[in-house]
2 protein chains.
Amino acid sequence: MKRDSRLSGVLHVLLHMAQQPGPFTSETLATAMDTNPVVIRRIMAGLRDLGYVRSEKGHGGGWMLACDLSKVTLRDVYTALGSPSLLAMGNRTEAPGCLVEQAVNAALDQAFADAEALLLARLGEVTLAMLGEDMRKRLGSRRIHDIGAHRA
Amino acid sequence: MKRDSRLSGVLHVLLHMAQQPGPFTSETLATAMDTNPVVIRRIMAGLRDLGYVRSEKGHGGGWMLACDLSKVTLRDVYTALGSPSLLAMGNRTEAPGCLVEQAVNAALDQAFADAEALLLARLGEVTLAMLGEDMRKRLGSRRIHDIGAHRA
DNA sequence: TTTCATGTAACTTTATATGTTGCGTGATGC
DNA sequence: GCATCACGCAACATATAAAGTTACATGAAA
């Protein structure tokens with residue numbers, strides 16, 4: 001299956017926004033992410049509805065952070081995306097009237113549920129602020145490029 | 001994304017085969033699984049290569065179990081399918097020259113790896129024999145339908 | 001009122017699982 | 001030998017969902 005990269009993408013956007021003040025246009029963010037402005041608006045819509053970011057129209061408008069980065073976890077961001085399914089595998093059918101199917105589904109569902117719960121828990125342990133910290137640690141001698149200079 | 005149901009499907013087939021002796025044609029199994037014979041051959045190919053099942057051509061041919069069900073785990077079956085990706089989410093890009101990307105990927109990769117490891121471990125704990133046992137427990141007053149009678 | 005930027009719908013593209021057709025190969029039974 | 005059965009496999013078709021694109025409306029700033 002084609003893997004969903006929206007979470008990775010939106011985190012990238014948020015972290016970039018945390019590096020500089022001003023509002024960012026979808027155009028600017030899209031260029032930095034090597035994608036399309038509409039895609040940016042699409043994945044940001046959920047975050048806006050939950051109040052993690054704000055958007056303004058017209059001259060000088062664009063996207064701004066509107067939350068305390070130390071209070072928003074990766075799980076929150078995932079939820080803001082609409083909680084897309086985490087696992088690539090699922091059961092063949094629902095409503096099994098077949099005992100074989102019931103036994104298979106029970107075993108798989110248990111394993112899947114455990115893995116999903118662990119993943120959500122892990123995502124819930126990491127805040128955006130922690131990601132920012134990790135990034136600064138990686139700095140060393142290197143300088144974080146400005147968004148405008150993202151594409152050398 | 002469209003969820004991969006091959007593991008669920010092949011387990012279903014194996015458990016059904018464990019209920020009755022004779023060889024099963026792809027046609028028969030496909031009817032029971034409400035799918036196409038070629039799909040059956042496709043997902044069984046990996047199991048055959050690893051020796052979990054055997055196939056024979058011609059009159060009286062078909063698929064037969066060729067392993068000790070108590071020695072084959074769900075993880076083994078998963079591996080026989082070619083170890084398709086378990087998670088529906090992935091990183092936006094590889095080869096990140098961007099610190100933001102590195103930090104995001106590091107956090108996500110860690111969470112993803114943990115979840116994947118747990119899932120594989122869980123699958124490794126369950127043998128096909130255990131699934132068969134579970135199924136028998138579910139029997140109660142009900143009778144396991146023969147494959148031929150699968151579609152009422 | 002012109003320009004800029006978001007909001008959104010509709011459409012196209014791409015990737016992957018799944019379904020289907022056709023033909024080759026080997027084994028069985030006559 | 002030859003017809004039939006069943007797998008092996010390639011090639012093509014379909015379905016679904018993410019990602020990309022186009023078009024236009026709305027609202028804010030200059």
# chains A, B, ... in the order shown; residues from 1 in each chain; ligands from 1
>>> interface_residues(of="chain B", to="chain C", cutoff="12 Å", atoms="only C-alpha atoms (C1' of nucleotides)", output="compact mmCIF listing (two decimals) with C-alpha atoms, in the first residue's frame")
# COMPACT_ATOMS: atom_id res chain seq x y z
CA MET B 1 -4.72 3.36 2.13
CA LYS B 2 -6.09 0.01 1.17
CA ARG B 3 -5.31 -2.46 3.91
CA ASP B 4 -3.45 -5.63 3.09
CA SER B 5 -5.52 -8.69 4.00
CA ARG B 6 -3.22 -11.39 2.69
CA ALA B 30 -10.98 -19.72 -3.71
CA ASP B 34 -14.81 -15.81 -1.96
CA THR B 35 -11.95 -14.89 -4.21
CA ASN B 36 -10.10 -16.05 -7.29
CA PRO B 37 -8.00 -19.25 -7.65
CA VAL B 38 -5.07 -17.23 -8.94
CA VAL B 39 -5.11 -15.14 -5.79
CA ILE B 40 -4.90 -18.35 -3.76
CA ARG B 42 -0.29 -16.20 -5.35
CA ILE B 43 -0.45 -16.06 -1.59
CA SER B 55 1.19 -28.45 -4.20
CA GLU B 56 0.63 -31.14 -6.82
CA LYS B 57 -0.61 -30.93 -10.35
CA GLY B 58 -3.01 -33.11 -12.27
CA HIS B 59 -5.90 -35.30 -11.20
CA GLY B 60 -6.28 -35.50 -7.45
CA GLY B 61 -3.78 -32.70 -7.07
CA GLY B 62 -4.03 -29.51 -5.08
CA PRO B 84 5.00 -6.70 3.60
CA SER B 85 5.13 -3.43 5.46
>>> interface_residues(of="chain B", to="chain A", cutoff="8 Å", atoms="only C-alpha atoms", output="number ranges by chain")
B: 1-9, 11-12, 15-16, 85-92, 98-105, 107-108, 111-112, 114-116, 118-119, 122-123, 126, 131-132, 134-135, 138-139, 144-145
>>> closest_residue(among="B:Pro23, B:Tyr52, B:Thr79, B:Arg41", to="chain D", atoms="only C-alpha atoms (C1' of nucleotides)")
B:Arg41
>>> closest_residue(among="B:Thr31, B:Thr25, B:Ala80, B:Ala18", to="Met44 (chain B)", atoms="only C-alpha atoms")
B:Ala80
>>> interface_residues(of="chain D", to="chain B", cutoff="10 Å", atoms="only C-alpha atoms (C1' of nucleotides)", output="PyMOL selection string")
chain D and resi 4-9+15-18
>>> select_by_dssp(residues="region 12-132 of chain B", states="alpha helix (DSSP H)", output="count of residues only")
66
>>> select_by_dssp(residues="region 8-144 of chain A", states="strand (DSSP E or B)", output="PDB file with all heavy atoms, in the first residue's frame")
ATOM      1  N   PHE A  24       3.682  32.237   7.597  1.00  0.00           N
ATOM      2  CA  PHE A  24       4.203  31.544   6.415  1.00  0.00           C
ATOM      3  C   PHE A  24       3.060  31.266   5.458  1.00  0.00           C
ATOM      4  O   PHE A  24       2.043  30.715   5.863  1.00  0.00           O
ATOM      5  CB  PHE A  24       4.834  30.210   6.805  1.00  0.00           C
ATOM      6  CG  PHE A  24       5.913  30.350   7.844  1.00  0.00           C
ATOM      7  CD1 PHE A  24       5.605  30.346   9.192  1.00  0.00           C
ATOM      8  CD2 PHE A  24       7.247  30.482   7.467  1.00  0.00           C
ATOM      9  CE1 PHE A  24       6.591  30.479  10.151  1.00  0.00           C
ATOM     10  CE2 PHE A  24       8.231  30.607   8.427  1.00  0.00           C
ATOM     11  CZ  PHE A  24       7.912  30.614   9.768  1.00  0.00           C
ATOM     12  N   VAL A  53      -2.738  25.860  15.150  1.00  0.00           N
ATOM     13  CA  VAL A  53      -2.216  26.921  14.277  1.00  0.00           C
ATOM     14  C   VAL A  53      -3.370  27.845  13.901  1.00  0.00           C
ATOM     15  O   VAL A  53      -4.543  27.495  14.062  1.00  0.00           O
ATOM     16  CB  VAL A  53      -1.589  26.349  12.982  1.00  0.00           C
ATOM     17  CG1 VAL A  53      -0.387  25.468  13.288  1.00  0.00           C
ATOM     18  CG2 VAL A  53      -2.632  25.586  12.182  1.00  0.00           C
ATOM     19  N   ARG A  54      -2.985  29.022  13.401  1.00  0.00           N
ATOM     20  CA  ARG A  54      -3.970  29.979  12.934  1.00  0.00           C
ATOM     21  C   ARG A  54      -3.629  30.325  11.501  1.00  0.00           C
ATOM     22  O   ARG A  54      -2.465  30.227  11.089  1.00  0.00           O
ATOM     23  CB  ARG A  54      -3.891  31.257  13.778  1.00  0.00           C
ATOM     24  CG  ARG A  54      -5.002  31.396  14.810  1.00  0.00           C
ATOM     25  CD  ARG A  54      -4.910  32.699  15.568  1.00  0.00           C
ATOM     26  NE  ARG A  54      -3.536  33.150  15.788  1.00  0.00           N
ATOM     27  CZ  ARG A  54      -3.083  34.337  15.384  1.00  0.00           C
ATOM     28  NH1 ARG A  54      -3.875  35.169  14.729  1.00  0.00           N
ATOM     29  NH2 ARG A  54      -1.832  34.679  15.661  1.00  0.00           N
ATOM     30  N   SER A  55      -4.622  30.738  10.742  1.00  0.00           N
ATOM     31  CA  SER A  55      -4.336  31.163   9.371  1.00  0.00           C
ATOM     32  C   SER A  55      -5.032  32.489   9.121  1.00  0.00           C
ATOM     33  O   SER A  55      -6.108  32.743   9.654  1.00  0.00           O
ATOM     34  CB  SER A  55      -4.847  30.116   8.378  1.00  0.00           C
ATOM     35  OG  SER A  55      -6.252  29.989   8.457  1.00  0.00           O
ATOM     36  N   GLU A  56      -4.370  33.342   8.340  1.00  0.00           N
ATOM     37  CA  GLU A  56      -4.995  34.610   7.987  1.00  0.00           C
ATOM     38  C   GLU A  56      -4.855  34.891   6.512  1.00  0.00           C
ATOM     39  O   GLU A  56      -3.836  34.564   5.904  1.00  0.00           O
ATOM     40  CB  GLU A  56      -4.379  35.744   8.829  1.00  0.00           C
ATOM     41  CG  GLU A  56      -4.884  35.681  10.262  1.00  0.00           C
ATOM     42  CD  GLU A  56      -4.574  36.939  11.057  1.00  0.00           C
ATOM     43  OE1 GLU A  56      -4.076  37.918  10.464  1.00  0.00           O
ATOM     44  OE2 GLU A  56      -4.844  36.922  12.276  1.00  0.00           O
ATOM     45  N   GLY A  62      -1.095  34.234   6.209  1.00  0.00           N
ATOM     46  CA  GLY A  62      -0.396  32.961   6.168  1.00  0.00           C
ATOM     47  C   GLY A  62      -0.639  32.173   7.438  1.00  0.00           C
ATOM     48  O   GLY A  62      -1.577  32.446   8.185  1.00  0.00           O
ATOM     49  N   TRP A  63       0.222  31.215   7.692  1.00  0.00           N
ATOM     50  CA  TRP A  63       0.063  30.327   8.838  1.00  0.00           C
ATOM     51  C   TRP A  63       0.940  30.735  10.011  1.00  0.00           C
ATOM     52  O   TRP A  63       2.096  31.108   9.812  1.00  0.00           O
ATOM     53  CB  TRP A  63       0.396  28.890   8.447  1.00  0.00           C
ATOM     54  CG  TRP A  63      -0.502  28.350   7.390  1.00  0.00           C
ATOM     55  CD1 TRP A  63      -0.291  28.398   6.048  1.00  0.00           C
ATOM     56  CD2 TRP A  63      -1.768  27.708   7.580  1.00  0.00           C
ATOM     57  NE1 TRP A  63      -1.347  27.827   5.379  1.00  0.00           N
ATOM     58  CE2 TRP A  63      -2.265  27.386   6.299  1.00  0.00           C
ATOM     59  CE3 TRP A  63      -2.528  27.366   8.703  1.00  0.00           C
ATOM     60  CZ2 TRP A  63      -3.485  26.742   6.109  1.00  0.00           C
ATOM     61  CZ3 TRP A  63      -3.738  26.720   8.517  1.00  0.00           C
ATOM     62  CH2 TRP A  63      -4.208  26.417   7.236  1.00  0.00           C
ATOM     63  N   MET A  64       0.375  30.642  11.218  1.00  0.00           N
ATOM     64  CA  MET A  64       1.152  30.933  12.426  1.00  0.00           C
ATOM     65  C   MET A  64       0.893  29.867  13.484  1.00  0.00           C
ATOM     66  O   MET A  64      -0.221  29.353  13.584  1.00  0.00           O
ATOM     67  CB  MET A  64       0.733  32.287  13.005  1.00  0.00           C
ATOM     68  CG  MET A  64       1.302  33.466  12.246  1.00  0.00           C
ATOM     69  SD  MET A  64       0.256  34.944  12.515  1.00  0.00           S
ATOM     70  CE  MET A  64      -1.204  34.492  11.572  1.00  0.00           C
ATOM     71  N   LEU A  65       1.904  29.601  14.270  1.00  0.00           N
ATOM     72  CA  LEU A  65       1.721  28.692  15.392  1.00  0.00           C
ATOM     73  C   LEU A  65       0.816  29.373  16.408  1.00  0.00           C
ATOM     74  O   LEU A  65       0.898  30.587  16.614  1.00  0.00           O
ATOM     75  CB  LEU A  65       3.069  28.359  16.026  1.00  0.00           C
ATOM     76  CG  LEU A  65       3.983  27.486  15.168  1.00  0.00           C
ATOM     77  CD1 LEU A  65       5.341  27.332  15.822  1.00  0.00           C
ATOM     78  CD2 LEU A  65       3.345  26.123  14.933  1.00  0.00           C
ATOM     79  N   THR A  73       1.565  16.980  21.687  1.00  0.00           N
ATOM     80  CA  THR A  73       2.327  15.766  21.397  1.00  0.00           C
ATOM     81  C   THR A  73       2.127  15.328  19.949  1.00  0.00           C
ATOM     82  O   THR A  73       1.207  15.795  19.265  1.00  0.00           O
ATOM     83  CB  THR A  73       1.885  14.607  22.302  1.00  0.00           C
ATOM     84  OG1 THR A  73       0.551  14.235  21.950  1.00  0.00           O
ATOM     85  CG2 THR A  73       1.932  15.017  23.773  1.00  0.00           C
ATOM     86  N   LEU A  87      -2.095   0.886  10.844  1.00  0.00           N
ATOM     87  CA  LEU A  87      -1.590  -0.394  10.371  1.00  0.00           C
ATOM     88  C   LEU A  87      -1.913  -0.650   8.905  1.00  0.00           C
ATOM     89  O   LEU A  87      -2.983  -0.280   8.429  1.00  0.00           O
ATOM     90  CB  LEU A  87      -2.173  -1.520  11.227  1.00  0.00           C
ATOM     91  CG  LEU A  87      -1.763  -1.434  12.700  1.00  0.00           C
ATOM     92  CD1 LEU A  87      -2.499  -2.469  13.526  1.00  0.00           C
ATOM     93  CD2 LEU A  87      -0.253  -1.611  12.828  1.00  0.00           C
ATOM     94  N   MET A  89      -2.115  -3.626   7.658  1.00  0.00           N
ATOM     95  CA  MET A  89      -2.795  -4.889   7.474  1.00  0.00           C
ATOM     96  C   MET A  89      -4.118  -4.907   8.241  1.00  0.00           C
ATOM     97  O   MET A  89      -4.255  -4.262   9.275  1.00  0.00           O
ATOM     98  CB  MET A  89      -1.913  -6.035   7.934  1.00  0.00           C
ATOM     99  CG  MET A  89      -0.497  -5.906   7.407  1.00  0.00           C
ATOM    100  SD  MET A  89       0.431  -7.434   7.483  1.00  0.00           S
ATOM    101  CE  MET A  89      -0.560  -8.494   6.474  1.00  0.00           C
ATOM    102  N   THR A 127       6.620  15.582  22.669  1.00  0.00           N
ATOM    103  CA  THR A 127       6.007  16.870  22.353  1.00  0.00           C
ATOM    104  C   THR A 127       6.761  17.535  21.211  1.00  0.00           C
ATOM    105  O   THR A 127       7.902  17.169  20.895  1.00  0.00           O
ATOM    106  CB  THR A 127       6.048  17.828  23.561  1.00  0.00           C
ATOM    107  OG1 THR A 127       7.419  18.132  23.838  1.00  0.00           O
ATOM    108  CG2 THR A 127       5.402  17.188  24.781  1.00  0.00           C
TER     109      THR A 127
END
>>> atom_distance(atom1="CA of Gly51 (chain A)", atom2="CA of Ala129 (chain A)")
16.7 Å
